[in-house]
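The file entry00.tsv comes next; it holds TSV, C-alpha atoms.
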chain	number	residue	atom	x	y	z
O	1	MET	CA	-27.50	42.27	-36.00
O	2	LYS	CA	-26.59	41.64	-39.65
O	3	LYS	CA	-27.07	37.90	-39.10
O	4	ILE	CA	-30.54	38.41	-37.66
O	5	ILE	CA	-31.57	40.65	-40.56
O	6	THR	CA	-30.15	38.16	-43.05
O	7	ILE	CA	-31.99	35.26	-41.39
O	8	CYS	CA	-35.27	37.23	-41.35
O	9	PHE	CA	-34.83	38.14	-45.02
O	10	CYS	CA	-34.13	34.52	-46.01
O	11	LEU	CA	-37.08	33.28	-43.95
O	12	ALA	CA	-39.43	35.83	-45.56
O	13	LEU	CA	-38.15	34.86	-49.00
O	14	ALA	CA	-38.68	31.15	-48.29
O	15	ILE	CA	-42.22	31.74	-47.01
O	16	HIS	CA	-43.06	33.82	-50.09
O	17	ALA	CA	-41.63	31.18	-52.45
O	18	LYS	CA	-43.59	28.41	-50.70
O	19	ALA	CA	-46.84	30.40	-50.86
O	20	GLN	CA	-46.71	30.82	-54.63
O	21	LYS	CA	-48.69	28.47	-56.81
O	22	THR	CA	-46.81	26.24	-59.21
O	23	VAL	CA	-47.40	25.52	-62.87
O	24	PRO	CA	-46.29	21.94	-63.47
O	25	GLU	CA	-44.24	21.55	-66.63
O	26	ILE	CA	-46.07	19.49	-69.23
O	27	LYS	CA	-43.65	17.94	-71.74
O	28	THR	CA	-43.15	14.74	-73.67
O	29	GLY	CA	-42.96	11.95	-71.11
O	30	THR	CA	-45.04	13.71	-68.44
O	31	VAL	CA	-47.18	11.17	-66.56
O	32	MET	CA	-50.36	12.25	-64.80
O	33	SER	CA	-52.24	10.13	-62.30
O	34	ALA	CA	-55.94	10.87	-62.26
O	35	ASN	CA	-59.37	9.73	-61.29
O	36	ALA	CA	-61.97	9.55	-64.05
O	37	PHE	CA	-65.68	9.74	-63.29
O	38	VAL	CA	-68.09	8.22	-65.81
O	39	GLN	CA	-71.80	7.88	-65.04
O	40	GLY	CA	-71.21	7.89	-61.30
O	41	GLN	CA	-68.35	5.37	-61.36
O	42	GLU	CA	-64.76	6.24	-60.49
O	43	PHE	CA	-61.80	4.73	-62.34
O	44	PRO	CA	-58.08	5.22	-61.77
O	45	LEU	CA	-56.57	6.69	-64.93
O	46	VAL	CA	-53.01	7.32	-66.07
O	47	LEU	CA	-52.39	9.92	-68.77
O	48	THR	CA	-49.02	10.14	-70.51
O	49	VAL	CA	-47.97	12.96	-72.81
O	50	LYS	CA	-46.44	11.10	-75.73
O	51	SER	CA	-45.84	14.16	-77.91
O	52	ILE	CA	-46.41	17.90	-77.57
O	53	THR	CA	-45.57	18.52	-81.23
O	54	ALA	CA	-47.87	17.63	-84.11
O	55	PRO	CA	-49.53	15.29	-83.84
O	56	VAL	CA	-49.97	16.02	-80.14
O	57	SER	CA	-50.54	12.68	-78.45
O	58	ILE	CA	-51.89	11.95	-74.98
O	59	GLY	CA	-51.86	8.31	-74.00
O	60	TRP	CA	-54.30	6.86	-71.50
O	61	SER	CA	-54.43	3.67	-69.47
O	62	VAL	CA	-57.14	2.20	-67.26
O	63	GLU	CA	-56.17	-0.93	-65.36
O	64	GLY	CA	-58.44	-3.82	-66.28
O	65	TYR	CA	-59.78	-2.06	-69.37
O	66	GLY	CA	-56.84	-1.22	-71.62
O	67	ASP	CA	-54.97	1.68	-73.09
O	68	GLY	CA	-54.80	3.94	-76.08
O	69	ALA	CA	-54.00	7.47	-77.14
O	70	PHE	CA	-55.70	10.59	-78.42
O	71	GLU	CA	-53.95	12.37	-81.28
O	72	MET	CA	-54.59	16.03	-82.01
O	73	SER	CA	-53.38	18.01	-85.00
O	74	ALA	CA	-51.37	21.20	-84.62
O	75	LYS	CA	-54.47	23.08	-85.79
O	76	ALA	CA	-56.58	21.51	-83.02
O	77	LEU	CA	-54.10	22.61	-80.33
O	78	GLU	CA	-53.88	26.08	-81.87
O	79	SER	CA	-57.55	26.78	-82.54
O	80	GLY	CA	-59.80	23.85	-81.58
O	81	THR	CA	-63.31	24.76	-80.49
O	82	GLN	CA	-64.63	21.70	-78.65
O	83	PHE	CA	-63.68	18.73	-76.52
O	84	LEU	CA	-63.90	15.21	-77.87
O	85	PRO	CA	-66.90	13.75	-76.01
O	86	VAL	CA	-65.48	10.65	-74.32
O	87	THR	CA	-67.45	8.18	-72.23
O	88	GLN	CA	-65.72	4.92	-73.14
O	89	PRO	CA	-62.57	5.45	-75.20
O	90	ALA	CA	-61.66	3.09	-78.00
O	91	LEU	CA	-58.56	1.02	-77.51
O	92	GLY	CA	-55.64	2.06	-79.69
O	93	VAL	CA	-55.16	5.47	-81.27
O	94	THR	CA	-58.10	7.86	-81.69
O	95	LYS	CA	-57.42	10.67	-84.15
O	96	LEU	CA	-59.33	13.84	-83.39
O	97	GLY	CA	-60.69	16.34	-85.88
O	98	ASP	CA	-59.03	19.72	-86.39
O	99	ASN	CA	-61.63	21.35	-84.15
O	100	GLU	CA	-61.42	18.77	-81.30
O	101	THR	CA	-59.13	18.55	-78.31
O	102	PHE	CA	-58.70	16.10	-75.46
O	103	GLY	CA	-57.46	17.21	-72.06
O	104	VAL	CA	-56.61	20.75	-73.18
O	105	ILE	CA	-58.38	23.82	-74.43
O	106	SER	CA	-56.89	25.33	-77.57
O	107	GLN	CA	-54.27	28.04	-77.36
O	108	ALA	CA	-56.71	30.46	-79.04
O	109	ALA	CA	-59.36	29.72	-76.40
O	110	PHE	CA	-56.76	30.24	-73.66
O	111	LYS	CA	-55.71	33.58	-75.17
O	112	THR	CA	-59.36	34.69	-75.24
O	113	LEU	CA	-59.72	33.53	-71.62
O	114	SER	CA	-56.59	35.46	-70.61
O	115	ASP	CA	-57.68	38.61	-72.46
O	116	THR	CA	-61.39	38.71	-71.62
O	117	LYS	CA	-61.80	36.34	-68.63
O	118	ALA	CA	-64.26	34.32	-70.75
O	119	PHE	CA	-64.31	31.96	-73.74
O	120	THR	CA	-66.62	29.65	-75.65
O	121	TYR	CA	-65.87	25.95	-76.11
O	122	GLY	CA	-68.15	23.30	-77.54
O	123	GLY	CA	-71.01	25.79	-77.57
O	124	ALA	CA	-70.71	26.45	-73.81
O	125	LYS	CA	-69.79	29.94	-72.69
O	126	PHE	CA	-67.33	29.93	-69.79
O	127	LYS	CA	-66.24	32.75	-67.53
O	128	VAL	CA	-63.73	32.99	-64.71
O	129	LYS	CA	-65.33	32.10	-61.39
O	130	THR	CA	-65.02	34.97	-58.93
O	131	PRO	CA	-64.35	34.87	-56.15
O	132	ASP	CA	-62.59	31.57	-56.62
O	133	THR	CA	-62.68	29.69	-53.36
O	134	ALA	CA	-61.91	26.30	-54.93
O	135	GLY	CA	-58.14	26.28	-55.34
O	136	ILE	CA	-56.68	22.92	-56.21
O	137	LYS	CA	-53.66	20.91	-55.21
O	138	ILE	CA	-51.85	18.34	-57.28
O	139	GLY	CA	-49.32	16.14	-55.57
O	140	GLY	CA	-49.69	18.25	-52.41
O	141	LYS	CA	-48.78	21.52	-54.16
O	142	ASP	CA	-51.03	24.50	-54.88
O	143	VAL	CA	-51.41	24.71	-58.65
O	144	ASP	CA	-51.85	27.86	-60.72
O	145	ALA	CA	-55.06	26.99	-62.54
O	146	ILE	CA	-57.84	29.21	-63.82
O	147	HIS	CA	-61.25	28.14	-62.52
O	148	VAL	CA	-64.02	28.71	-65.06
O	149	VAL	CA	-67.72	27.93	-64.95
O	150	SER	CA	-70.28	27.75	-67.77
O	151	GLU	CA	-73.05	30.34	-67.93
O	152	ASP	CA	-75.64	27.75	-66.87
O	153	GLY	CA	-73.44	26.61	-63.97
O	154	LYS	CA	-73.43	22.97	-65.11
O	155	LEU	CA	-69.79	22.76	-66.25
O	156	GLU	CA	-66.63	23.71	-64.38
O	157	LEU	CA	-63.03	23.49	-65.54
O	158	TRP	CA	-59.70	24.18	-63.88
O	159	VAL	CA	-57.28	25.06	-66.68
O	160	LEU	CA	-53.54	25.06	-66.03
O	161	ASN	CA	-52.23	28.61	-66.44
O	162	ASN	CA	-49.93	27.61	-69.31
O	163	PRO	CA	-50.58	29.36	-72.66
O	164	SER	CA	-48.60	26.82	-74.70
O	165	PHE	CA	-50.34	23.75	-73.23
O	166	PRO	CA	-53.51	24.79	-71.31
O	167	PHE	CA	-54.26	21.41	-69.76
O	168	VAL	CA	-57.55	20.86	-67.93
O	169	VAL	CA	-56.50	19.48	-64.55
O	170	GLN	CA	-60.01	19.07	-63.19
O	171	SER	CA	-63.54	19.09	-64.60
O	172	VAL	CA	-67.10	18.84	-63.35
O	173	GLY	CA	-70.18	18.20	-65.50
O	174	GLN	CA	-68.63	16.63	-68.63
O	175	ALA	CA	-69.43	13.18	-70.03
O	176	THR	CA	-66.17	12.05	-68.41
O	177	ASP	CA	-64.82	14.16	-65.57
O	178	ILE	CA	-61.17	13.96	-64.68
O	179	VAL	CA	-59.32	15.01	-61.54
O	180	ILE	CA	-55.53	15.03	-61.87
O	181	THR	CA	-53.97	13.91	-58.59
O	182	ASP	CA	-50.26	13.87	-59.48
O	183	ILE	CA	-47.98	15.06	-62.28
O	184	LYS	CA	-44.48	13.65	-62.81

The structure given in the file should be rewritten as structure tokens.
Amino acid sequence: MKKIITICFCLALAIHAKAQKTVPEIKTGTVMSANAFVQGQEFPLVLTVKSITAPVSIGWSVEGYGDGAFEMSAKALESGTQFLPVTQPALGVTKLGDNETFGVISQAAFKTLSDTKAFTYGGAKFKVKTPDTAGIKIGGKDVDAIHVVSEDGKLELWVLNNPSFPFVVQSVGQATDIVITDIK
């Protein structure tokens, strides 16, 4: 009888652990496979986190086009207020202003989102979408991301539930939309 109870307990624990959403660790060296959508065209994109300390650097590579990186200051990651509008990135390193971010919302915006279920970024007011029926998977795993939508309904973001590096793992309605498909 003890064996049966132990097996049932272990099985229940395993099912519960499998059902939980994961928060992929984003660190220096993390490589993300993605699809980028620009003006109706889809491009395979590879993003590489080159540095998570100032200057924060996210490298990008598009086969057949080239590669480069976006550099953000510590201030941008802490309190940036808008995304860098990207349609065709410049090759090489692009340094962003202290109010601009690429691929992430600022930690201050994430704190506001966590506290109030809403935030403003680039002039757009976002709020948590409820009920959220659009969960996402990355690499076959359910990911713990916060789904937000702009007041006018034209922009949607899925922000990784990670206060230190709130990465946008999927977007709809931006100049360049990105869908992360794998994180290693």

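One distance worth recording is that between atom CA of Glu78 of chain O and atom CA of Leu155 of chain O, which is 22.5 Å.
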
Using 10 Å as the limit and counting only C-alpha atoms, can you tabulate each residue of segment 74-132 of chain O that touches segment 164-182 of chain O, with its shortest atom-to-atom distance in Å and the two atoms involved, as a Markdown table?
| residue | atom | partner | partner_atom | distance |
| --- | --- | --- | --- | --- |
| O:Leu77 | CA | O:Phe165 | CA | 8.1 |
| O:Glu78 | CA | O:Ser164 | CA | 8.9 |
| O:Phe83 | CA | O:Gln174 | CA | 9.5 |
| O:Leu84 | CA | O:Ala175 | CA | 9.8 |
| O:Pro85 | CA | O:Ala175 | CA | 6.5 |
| O:Val86 | CA | O:Thr176 | CA | 6.1 |
| O:Thr87 | CA | O:Thr176 | CA | 5.6 |
| O:Gln88 | CA | O:Thr176 | CA | 8.6 |
| O:Phe102 | CA | O:Phe167 | CA | 9.0 |
| O:Gly103 | CA | O:Val168 | CA | 5.5 |
| O:Val104 | CA | O:Phe167 | CA | 4.2 |
| O:Ile105 | CA | O:Pro166 | CA | 5.9 |
| O:Ser106 | CA | O:Pro166 | CA | 7.1 |
| O:Gln107 | CA | O:Ser164 | CA | 6.4 |
| O:Ala108 | CA | O:Ser164 | CA | 9.9 |
| O:Ala109 | CA | O:Pro166 | CA | 9.2 |
| O:Phe110 | CA | O:Pro166 | CA | 6.8 |
| O:Lys111 | CA | O:Ser164 | CA | 9.8 |

Neighbour list for Lys141 of chain O as a ChimeraX atom specification, cut-off 8 Å, all atoms listed in the file, skip fewer than 4 positions in-chain: /O:21-22,137

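Nearest-residue note for Val159 of chain O: choosing from O:Gly59, O:Gly68, O:Pro89, O:Gly135, the minimum distance belongs to O:Gly135, counting all atoms listed in the file.
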
Thr130 of chain O surroundings by all atoms listed in the file, 10 Å radius, close-in-sequence under 3 positions cut, as a list in words: Lys127, Thr133, His147, Val148 and Val149 of chain O

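Minimum atom-to-atom distance to Gly66 of chain O, evaluated using only C-alpha atoms, belongs to O:Leu91 out of O:Leu91, O:Pro24, O:Ala124, O:Val46.
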
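Interatomic distance, atom CA of Met32 of chain O to atom CA of Asn161 of chain O: 16.5 Å.
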
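Put simply, atom CA of Leu157 of chain O is 8.8 Å away from atom CA of Phe126 of chain O.
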
Mind giving me the axis-aligned box for segment 27-38 of chain O with 6 Å on every side, centre plus edges in Å to one decimal, as AutoDock Vina command-line options?
--center_x -55.5 --center_y 13.1 --center_z -67.5 --size_x 37.1 --size_y 21.7 --size_z 24.4

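Near Gly64 of chain O, within a cut-off of 12 Å and counting all atoms listed in the file, sit the residues Phe43, Pro44 and Leu45 of chain O, with same-chain residues fewer than 4 positions away left out.
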
Taking 4 positions as the minimum chain separation for residues in the same chain, which residues sit within 9 Å of Val56 of chain O when counting only C-alpha atoms? Answer as a count of residues only. 10

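Among the candidate residues O:Lys184, O:Lys27, O:Phe37, O:Glu100, the one lying nearest to Ser79 of chain O is O:Glu100, with distances computed using only C-alpha atoms.
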
If we count all atoms listed in the file and set the cut-off at 6 Å, which residues sit around Asn99 of chain O, ignoring sequence neighbours fewer than 2 positions away in its own chain? Please answer as a list in words. Ala76, Gly80, Thr81 and Gly97 of chain O
